[in-house]
file coords24.cif (mmCIF, C-alpha atoms and all ligand atoms)
data_upload
#
loop_
_atom_site.label_atom_id
_atom_site.label_comp_id
_atom_site.auth_asym_id
_atom_site.auth_seq_id
_atom_site.Cartn_x
_atom_site.Cartn_y
_atom_site.Cartn_z
CA MET H 1 16.43 15.85 37.48
CA PHE H 2 18.66 16.81 34.60
CA LYS H 3 20.11 13.42 33.86
CA PRO H 4 17.00 11.66 32.48
CA PHE H 5 16.24 14.71 30.33
CA LEU H 6 19.77 14.75 28.96
CA ALA H 7 19.62 11.03 28.20
CA LEU H 8 16.39 11.56 26.26
CA VAL H 9 17.91 14.37 24.21
CA LEU H 10 20.98 12.27 23.43
CA ALA H 11 18.82 9.32 22.43
CA ALA H 12 16.77 11.53 20.13
CA THR H 13 19.92 12.89 18.55
CA ALA H 14 21.30 9.41 18.00
CA LEU H 15 18.02 8.32 16.43
CA SER H 16 17.83 11.20 13.98
CA ALA H 17 21.49 10.69 13.05
CA ALA H 18 20.83 7.01 12.41
CA ALA H 19 17.84 7.89 10.25
CA HIS H 20 20.13 9.41 7.67
CA GLN H 21 22.23 6.29 7.32
CA HIS H 22 20.59 4.30 4.60
CA ALA H 23 22.35 1.35 3.04
CA HIS H 24 21.13 0.48 -0.42
CA THR H 25 19.98 -3.13 -0.04
CA HIS H 26 17.42 -4.48 -2.48
CA GLY H 27 14.24 -5.64 -0.76
CA LEU H 28 15.01 -3.65 2.37
CA MET H 29 13.32 -0.36 3.26
CA THR H 30 13.93 1.90 6.21
CA LEU H 31 11.00 3.63 7.87
CA ASP H 32 11.22 6.35 10.50
CA VAL H 33 8.04 7.00 12.44
CA ALA H 34 7.49 9.96 14.75
CA VAL H 35 4.35 10.26 16.84
CA ASP H 36 3.60 13.70 18.30
CA ALA H 37 0.47 15.11 19.92
CA GLN H 38 -1.33 15.66 16.63
CA THR H 39 0.80 14.16 13.92
CA VAL H 40 2.13 10.82 12.83
CA THR H 41 5.04 11.34 10.45
CA LEU H 42 6.57 8.58 8.35
CA ALA H 43 9.79 8.82 6.37
CA ILE H 44 10.59 6.07 3.89
CA ALA H 45 13.95 5.45 2.27
CA SER H 46 14.12 2.59 -0.21
CA PRO H 47 15.90 1.37 -3.29
CA LEU H 48 13.74 2.19 -6.30
CA ASP H 49 13.97 -1.48 -7.25
CA SER H 50 11.37 -2.46 -4.65
CA PHE H 51 8.77 -0.18 -6.21
CA LEU H 52 9.69 -0.28 -9.90
CA GLY H 53 11.93 -3.24 -10.66
CA PHE H 54 14.43 -0.78 -12.16
CA GLU H 55 16.46 2.15 -10.83
CA ARG H 56 16.78 4.80 -13.52
CA ALA H 57 14.62 7.13 -15.54
CA PRO H 58 11.97 5.26 -17.54
CA ARG H 59 12.82 4.53 -21.17
CA THR H 60 9.65 3.00 -22.55
CA ASP H 61 5.95 3.76 -22.33
CA ALA H 62 5.51 0.70 -20.13
CA GLU H 63 8.21 1.96 -17.74
CA ARG H 64 6.73 5.47 -17.73
CA LYS H 65 3.40 3.93 -16.77
CA ARG H 66 5.07 1.99 -13.95
CA VAL H 67 6.53 5.23 -12.59
CA ALA H 68 3.19 7.05 -12.88
CA ASP H 69 1.41 4.17 -11.14
CA MET H 70 4.00 4.15 -8.35
CA VAL H 71 3.68 7.91 -7.81
CA ALA H 72 -0.13 7.70 -7.71
CA ARG H 73 -0.03 4.77 -5.32
CA LEU H 74 2.49 6.35 -2.94
CA LYS H 75 0.56 9.61 -2.92
CA ALA H 76 -2.47 7.65 -1.73
CA ALA H 77 -0.40 6.79 1.33
CA ASP H 78 -3.43 6.20 3.55
CA GLN H 79 -4.03 3.04 1.51
CA LEU H 80 -0.51 1.81 2.29
CA PHE H 81 -0.25 2.98 5.89
CA GLN H 82 -3.32 2.70 8.11
CA PRO H 83 -2.88 4.16 11.59
CA ASP H 84 -4.97 2.79 14.46
CA ALA H 85 -8.52 4.18 14.05
CA ALA H 86 -8.41 5.24 17.74
CA ALA H 87 -6.04 8.05 16.77
CA ASP H 88 -8.50 9.48 14.21
CA CYS H 89 -5.88 10.36 11.57
CA LYS H 90 -6.18 11.93 8.16
CA LEU H 91 -3.49 11.99 5.50
CA THR H 92 -2.35 15.59 5.07
CA LYS H 93 0.95 15.47 3.17
CA VAL H 94 2.98 13.21 0.90
CA GLU H 95 6.30 14.23 -0.65
CA LEU H 96 8.30 12.06 -3.01
CA GLU H 97 11.94 12.55 -3.76
CA SER H 98 14.00 10.59 -6.26
CA ALA H 99 16.84 12.14 -8.21
CA ALA H 100 16.86 9.34 -10.79
CA LEU H 101 13.19 10.03 -11.61
CA GLY H 102 13.43 13.82 -11.32
CA LEU H 103 10.96 13.81 -8.42
CA GLY H 104 11.08 16.42 -5.68
CA THR H 105 14.07 18.63 -5.04
CA ALA H 106 16.71 15.90 -4.95
CA HIS H 107 19.72 16.55 -7.12
CA ASP H 108 21.25 13.77 -9.11
CA HIS H 109 24.77 13.44 -7.78
CA GLY H 110 25.70 11.26 -10.73
CA HIS H 111 26.16 7.54 -10.70
CA GLY H 112 29.72 7.43 -9.43
CA GLU H 113 28.87 6.63 -5.83
CA LYS H 114 26.50 3.71 -6.16
CA GLY H 115 26.92 2.55 -9.72
CA GLU H 116 23.52 2.07 -11.34
CA HIS H 117 21.54 2.11 -8.13
CA ALA H 118 19.00 4.73 -7.10
CA ASP H 119 16.70 5.40 -4.17
CA ILE H 120 13.39 6.99 -3.42
CA ALA H 121 12.43 8.91 -0.29
CA VAL H 122 8.84 9.47 0.76
CA ASP H 123 7.69 11.75 3.56
CA ILE H 124 4.16 11.19 4.79
CA VAL H 125 2.26 13.19 7.39
CA PHE H 126 -0.99 12.22 9.05
CA THR H 127 -2.80 14.80 11.16
CA CYS H 128 -4.62 13.11 14.02
CA ALA H 129 -7.15 14.08 16.68
CA LYS H 130 -5.42 11.81 19.21
CA ALA H 131 -2.11 10.69 17.75
CA ALA H 132 -0.85 9.47 21.12
CA ASP H 133 -3.71 6.94 21.18
CA ALA H 134 -2.36 5.16 18.12
CA ARG H 135 -1.21 1.71 19.22
CA PHE H 136 -0.17 0.52 15.77
CA ILE H 137 0.05 1.29 12.07
CA ASP H 138 -0.96 -1.39 9.60
CA VAL H 139 1.52 -1.42 6.72
CA LYS H 140 0.14 -2.65 3.39
CA LEU H 141 3.29 -2.12 1.34
CA PHE H 142 4.17 -5.80 1.10
CA ASP H 143 0.88 -6.58 -0.63
CA ALA H 144 1.42 -3.74 -3.09
CA TYR H 145 5.11 -4.41 -3.75
CA PRO H 146 6.21 -8.08 -3.63
CA ARG H 147 9.85 -7.13 -4.30
CA LEU H 148 9.89 -5.53 -0.85
CA ARG H 149 11.02 -8.18 1.66
CA SER H 150 11.55 -6.34 4.94
CA ILE H 151 11.18 -2.98 6.62
CA ASP H 152 13.52 -1.71 9.33
CA ALA H 153 11.41 0.70 11.35
CA GLN H 154 12.54 3.17 13.98
CA VAL H 155 9.78 4.61 16.13
CA ALA H 156 9.84 7.75 18.27
CA ALA H 157 6.56 7.78 20.18
CA PRO H 158 5.37 9.12 23.55
CA GLN H 159 5.96 5.60 24.93
CA GLY H 160 9.61 5.71 23.92
CA GLN H 161 11.98 5.02 21.07
CA PHE H 162 12.51 1.60 19.66
CA LYS H 163 13.12 -0.44 16.53
CA ARG H 164 10.84 -2.89 14.82
CA SER H 165 11.34 -5.20 11.89
CA LEU H 166 8.41 -5.87 9.56
CA ARG H 167 8.03 -8.51 6.87
CA PRO H 168 5.24 -10.06 4.81
CA GLY H 169 2.75 -11.62 7.21
CA ALA H 170 3.99 -9.49 10.12
CA ALA H 171 3.27 -6.01 8.86
CA ARG H 172 1.54 -4.38 11.83
CA LEU H 173 3.91 -1.79 13.28
CA GLY H 174 3.36 -1.61 17.04
CA LEU H 175 3.75 1.84 18.56
CA THR H 176 3.92 0.67 22.16
CA ARG H 177 6.78 -1.08 23.84
ZN ZN D 201 19.83 -0.92 -6.44
#
call {"tool": "encode", "arguments": {"input": "coords24.cif", "output": "structure tokens"}}
result
Amino acid sequence: MFKPFLALVLAATALSAAAHQHAHTHGLMTLDVAVDAQTVTLAIASPLDSFLGFERAPRTDAERKRVADMVARLKAADQLFQPDAAADCKLTKVELESAALGLGTAHDHGHGEKGEHADIAVDIVFTCAKAADARFIDVKLFDAYPRLRSIDAQVAAPQGQFKRSLRPGAARLGLTR
């Protein structure tokens, strides 16, 4: 009886370790999705380029407006991520973190590691009456951000753990195997 349990724990550990490995590739976003009894949690990691077209603090009024628009749009995350209505979810938390923009608690480690590149992380929590009933999440990010070309998603759901790749025209994230 212990072996399947152990395998599950090891798989979960491997998944969370992998979630922290984020290569900075323009157009590519990673998305970690965890479905529990009453929550659906999404964690985005992306180059800023996909959302802004630049990866540094804004320098002009037009760039400041782009940043403000991005923040407002990401905070309205239930417009960008729409869980299956069967799960009866409501958006309850959005946290943005980007050192280059001074968002969140991220510290700017300087530009030595990645040159002029910079990322943004977004944590989104939906609270749901029946999260386990969610069969999919419709992802609207590609419509909002044409520079985004693909999303590598990792899902941890009651049905299991698996990976999905999303792209424009195929942006429904299935939560069942
Ligand atoms: Zn970059």
call {"tool": "closest_residue", "arguments": {"input": "coords24.cif", "among": "H:Leu173, H:Ile137, H:Ile124, H:Leu166", "to": "Ala77 of chain H", "atoms": "only C-alpha atoms"}}
result
H:Ile124
call {"tool": "residues_near_ligand", "arguments": {"input": "coords24.cif", "ligand": "ligand ZN 201 (chain D)", "cutoff": "10 Å", "atoms": "only C-alpha atoms and all ligand atoms", "output": "ChimeraX atom specification"}}
result
/H:24-27,46-50,53-56,114-119
call {"tool": "atom_distance", "arguments": {"input": "coords24.cif", "atom1": "atom CA of Asp138 of chain H", "atom2": "atom CA of Ala171 of chain H"}}
result
6.3 Å
call {"tool": "atom_distance", "arguments": {"input": "coords24.cif", "atom1": "atom CA of Tyr145 of chain H", "atom2": "atom CA of Pro83 of chain H"}}
result
19.3 Å
call {"tool": "atom_distance", "arguments": {"input": "coords24.cif", "atom1": "atom CA of Cys89 of chain H", "atom2": "atom CA of Leu42 of chain H"}}
result
13.0 Å
call {"tool": "residues_near_point", "arguments": {"input": "coords24.cif", "point": "(-6.2, 2.6, 3.8)", "cutoff": "12 Å", "atoms": "only C-alpha atoms", "output": "PyMOL selection string"}}
result
chain H and resi 73-85+89-91+137-141
call {"tool": "decode", "arguments": {"input": "coords24.cif", "residues": "segment 54-167 of chain H", "atoms": "C-alpha atoms", "output": "PDB file, in the first residue's frame"}}
result
ATOM      1  CA  PHE H  54       9.712  45.768 -23.576  1.00  0.00           C
ATOM      2  CA  GLU H  55      11.431  44.407 -20.471  1.00  0.00           C
ATOM      3  CA  ARG H  56      12.459  47.286 -18.227  1.00  0.00           C
ATOM      4  CA  ALA H  57      10.922  50.081 -16.227  1.00  0.00           C
ATOM      5  CA  PRO H  58       8.785  52.382 -18.391  1.00  0.00           C
ATOM      6  CA  ARG H  59      10.476  55.560 -19.627  1.00  0.00           C
ATOM      7  CA  THR H  60       7.699  57.442 -21.372  1.00  0.00           C
ATOM      8  CA  ASP H  61       4.081  58.236 -20.623  1.00  0.00           C
ATOM      9  CA  ALA H  62       3.039  55.799 -23.345  1.00  0.00           C
ATOM     10  CA  GLU H  63       5.108  53.030 -21.728  1.00  0.00           C
ATOM     11  CA  ARG H  64       3.761  53.877 -18.271  1.00  0.00           C
ATOM     12  CA  LYS H  65       0.262  53.550 -19.684  1.00  0.00           C
ATOM     13  CA  ARG H  66       1.148  50.161 -21.187  1.00  0.00           C
ATOM     14  CA  VAL H  67       2.308  48.963 -17.771  1.00  0.00           C
ATOM     15  CA  ALA H  68      -0.810  50.304 -16.042  1.00  0.00           C
ATOM     16  CA  ASP H  69      -3.034  48.663 -18.670  1.00  0.00           C
ATOM     17  CA  MET H  70      -1.201  45.355 -18.258  1.00  0.00           C
ATOM     18  CA  VAL H  71      -1.552  45.452 -14.464  1.00  0.00           C
ATOM     19  CA  ALA H  72      -5.269  46.253 -14.697  1.00  0.00           C
ATOM     20  CA  ARG H  73      -5.827  43.515 -17.260  1.00  0.00           C
ATOM     21  CA  LEU H  74      -3.929  40.842 -15.323  1.00  0.00           C
ATOM     22  CA  LYS H  75      -5.724  41.761 -12.114  1.00  0.00           C
ATOM     23  CA  ALA H  76      -9.000  41.079 -13.919  1.00  0.00           C
ATOM     24  CA  ALA H  77      -7.753  37.518 -14.309  1.00  0.00           C
ATOM     25  CA  ASP H  78     -11.248  36.038 -14.610  1.00  0.00           C
ATOM     26  CA  GLN H  79     -11.414  37.698 -18.035  1.00  0.00           C
ATOM     27  CA  LEU H  80      -8.223  35.920 -19.108  1.00  0.00           C
ATOM     28  CA  PHE H  81      -8.818  32.564 -17.429  1.00  0.00           C
ATOM     29  CA  GLN H  82     -12.339  31.146 -17.415  1.00  0.00           C
ATOM     30  CA  PRO H  83     -12.718  27.903 -15.473  1.00  0.00           C
ATOM     31  CA  ASP H  84     -15.482  25.468 -16.437  1.00  0.00           C
ATOM     32  CA  ALA H  85     -18.785  26.921 -15.155  1.00  0.00           C
ATOM     33  CA  ALA H  86     -19.553  23.512 -13.580  1.00  0.00           C
ATOM     34  CA  ALA H  87     -16.950  24.256 -10.912  1.00  0.00           C
ATOM     35  CA  ASP H  88     -18.669  27.516  -9.895  1.00  0.00           C
ATOM     36  CA  CYS H  89     -15.464  29.533  -9.370  1.00  0.00           C
ATOM     37  CA  LYS H  90     -14.895  33.103  -8.308  1.00  0.00           C
ATOM     38  CA  LEU H  91     -11.633  34.997  -8.604  1.00  0.00           C
ATOM     39  CA  THR H  92     -10.330  35.646  -5.089  1.00  0.00           C
ATOM     40  CA  LYS H  93      -6.677  36.647  -5.441  1.00  0.00           C
ATOM     41  CA  VAL H  94      -4.209  38.010  -7.983  1.00  0.00           C
ATOM     42  CA  GLU H  95      -0.595  38.828  -7.161  1.00  0.00           C
ATOM     43  CA  LEU H  96       1.867  40.301  -9.630  1.00  0.00           C
ATOM     44  CA  GLU H  97       5.594  40.201  -9.206  1.00  0.00           C
ATOM     45  CA  SER H  98       8.149  41.820 -11.487  1.00  0.00           C
ATOM     46  CA  ALA H  99      11.410  43.211 -10.196  1.00  0.00           C
ATOM     47  CA  ALA H 100      11.990  45.293 -13.343  1.00  0.00           C
ATOM     48  CA  LEU H 101       8.652  47.071 -12.814  1.00  0.00           C
ATOM     49  CA  GLY H 102       8.904  47.271  -9.021  1.00  0.00           C
ATOM     50  CA  LEU H 103       5.808  45.088  -8.639  1.00  0.00           C
ATOM     51  CA  GLY H 104       5.327  42.797  -5.663  1.00  0.00           C
ATOM     52  CA  THR H 105       8.124  41.768  -3.349  1.00  0.00           C
ATOM     53  CA  ALA H 106      10.589  40.645  -6.018  1.00  0.00           C
ATOM     54  CA  HIS H 107      14.052  42.083  -5.652  1.00  0.00           C
ATOM     55  CA  ASP H 108      15.949  43.233  -8.668  1.00  0.00           C
ATOM     56  CA  HIS H 109      19.033  41.053  -8.776  1.00  0.00           C
ATOM     57  CA  GLY H 110      20.599  43.344 -11.339  1.00  0.00           C
ATOM     58  CA  HIS H 111      20.941  42.680 -15.011  1.00  0.00           C
ATOM     59  CA  GLY H 112      24.080  40.573 -14.908  1.00  0.00           C
ATOM     60  CA  GLU H 113      22.364  37.218 -15.191  1.00  0.00           C
ATOM     61  CA  LYS H 114      20.071  37.696 -18.155  1.00  0.00           C
ATOM     62  CA  GLY H 115      21.313  40.854 -19.810  1.00  0.00           C
ATOM     63  CA  GLU H 116      18.403  43.165 -20.543  1.00  0.00           C
ATOM     64  CA  HIS H 117      15.706  40.570 -20.069  1.00  0.00           C
ATOM     65  CA  ALA H 118      13.050  40.576 -17.353  1.00  0.00           C
ATOM     66  CA  ASP H 119      10.133  38.421 -16.296  1.00  0.00           C
ATOM     67  CA  ILE H 120       6.780  38.732 -14.644  1.00  0.00           C
ATOM     68  CA  ALA H 121       5.137  36.239 -12.311  1.00  0.00           C
ATOM     69  CA  VAL H 122       1.412  36.187 -11.647  1.00  0.00           C
ATOM     70  CA  ASP H 123      -0.326  34.099  -9.002  1.00  0.00           C
ATOM     71  CA  ILE H 124      -4.064  33.705  -9.419  1.00  0.00           C
ATOM     72  CA  VAL H 125      -6.484  31.959  -7.080  1.00  0.00           C
ATOM     73  CA  PHE H 126     -10.071  31.020  -7.835  1.00  0.00           C
ATOM     74  CA  THR H 127     -12.274  29.801  -5.006  1.00  0.00           C
ATOM     75  CA  CYS H 128     -14.770  27.258  -6.288  1.00  0.00           C
ATOM     76  CA  ALA H 129     -17.853  25.468  -4.969  1.00  0.00           C
ATOM     77  CA  LYS H 130     -16.842  22.298  -6.844  1.00  0.00           C
ATOM     78  CA  ALA H 131     -13.305  22.730  -8.121  1.00  0.00           C
ATOM     79  CA  ALA H 132     -12.933  19.019  -8.838  1.00  0.00           C
ATOM     80  CA  ASP H 133     -15.788  19.296 -11.362  1.00  0.00           C
ATOM     81  CA  ALA H 134     -13.774  21.653 -13.544  1.00  0.00           C
ATOM     82  CA  ARG H 135     -13.011  19.832 -16.785  1.00  0.00           C
ATOM     83  CA  PHE H 136     -11.200  22.722 -18.451  1.00  0.00           C
ATOM     84  CA  ILE H 137     -10.066  26.322 -18.218  1.00  0.00           C
ATOM     85  CA  ASP H 138     -10.512  28.566 -21.229  1.00  0.00           C
ATOM     86  CA  VAL H 139      -7.412  30.721 -21.642  1.00  0.00           C
ATOM     87  CA  LYS H 140      -7.965  34.078 -23.357  1.00  0.00           C
ATOM     88  CA  LEU H 141      -4.399  35.348 -23.085  1.00  0.00           C
ATOM     89  CA  PHE H 142      -3.584  34.843 -26.756  1.00  0.00           C
ATOM     90  CA  ASP H 143      -6.368  37.201 -27.812  1.00  0.00           C
ATOM     91  CA  ALA H 144      -5.185  39.824 -25.340  1.00  0.00           C
ATOM     92  CA  TYR H 145      -1.462  39.465 -26.064  1.00  0.00           C
ATOM     93  CA  PRO H 146      -0.515  38.566 -29.669  1.00  0.00           C
ATOM     94  CA  ARG H 147       3.206  38.447 -28.790  1.00  0.00           C
ATOM     95  CA  LEU H 148       2.442  35.361 -26.708  1.00  0.00           C
ATOM     96  CA  ARG H 149       2.865  32.302 -28.961  1.00  0.00           C
ATOM     97  CA  SER H 150       2.630  29.283 -26.667  1.00  0.00           C
ATOM     98  CA  ILE H 151       1.944  28.236 -23.100  1.00  0.00           C
ATOM     99  CA  ASP H 152       3.585  25.239 -21.440  1.00  0.00           C
ATOM    100  CA  ALA H 153       1.113  24.161 -18.788  1.00  0.00           C
ATOM    101  CA  GLN H 154       1.627  21.706 -15.955  1.00  0.00           C
ATOM    102  CA  VAL H 155      -1.532  20.527 -14.247  1.00  0.00           C
ATOM    103  CA  ALA H 156      -1.916  18.901 -10.839  1.00  0.00           C
ATOM    104  CA  ALA H 157      -5.562  17.865 -10.569  1.00  0.00           C
ATOM    105  CA  PRO H 158      -7.506  15.120  -8.775  1.00  0.00           C
ATOM    106  CA  GLN H 159      -7.351  13.155 -12.051  1.00  0.00           C
ATOM    107  CA  GLY H 160      -3.569  13.244 -12.051  1.00  0.00           C
ATOM    108  CA  GLN H 161      -0.598  15.300 -13.116  1.00  0.00           C
ATOM    109  CA  PHE H 162       0.179  16.050 -16.693  1.00  0.00           C
ATOM    110  CA  LYS H 163       1.480  18.608 -19.156  1.00  0.00           C
ATOM    111  CA  ARG H 164      -0.373  20.466 -21.852  1.00  0.00           C
ATOM    112  CA  SER H 165       0.760  22.828 -24.552  1.00  0.00           C
ATOM    113  CA  LEU H 166      -1.528  25.685 -25.574  1.00  0.00           C
ATOM    114  CA  ARG H 167      -1.306  27.978 -28.576  1.00  0.00           C
TER     115      ARG H 167
END
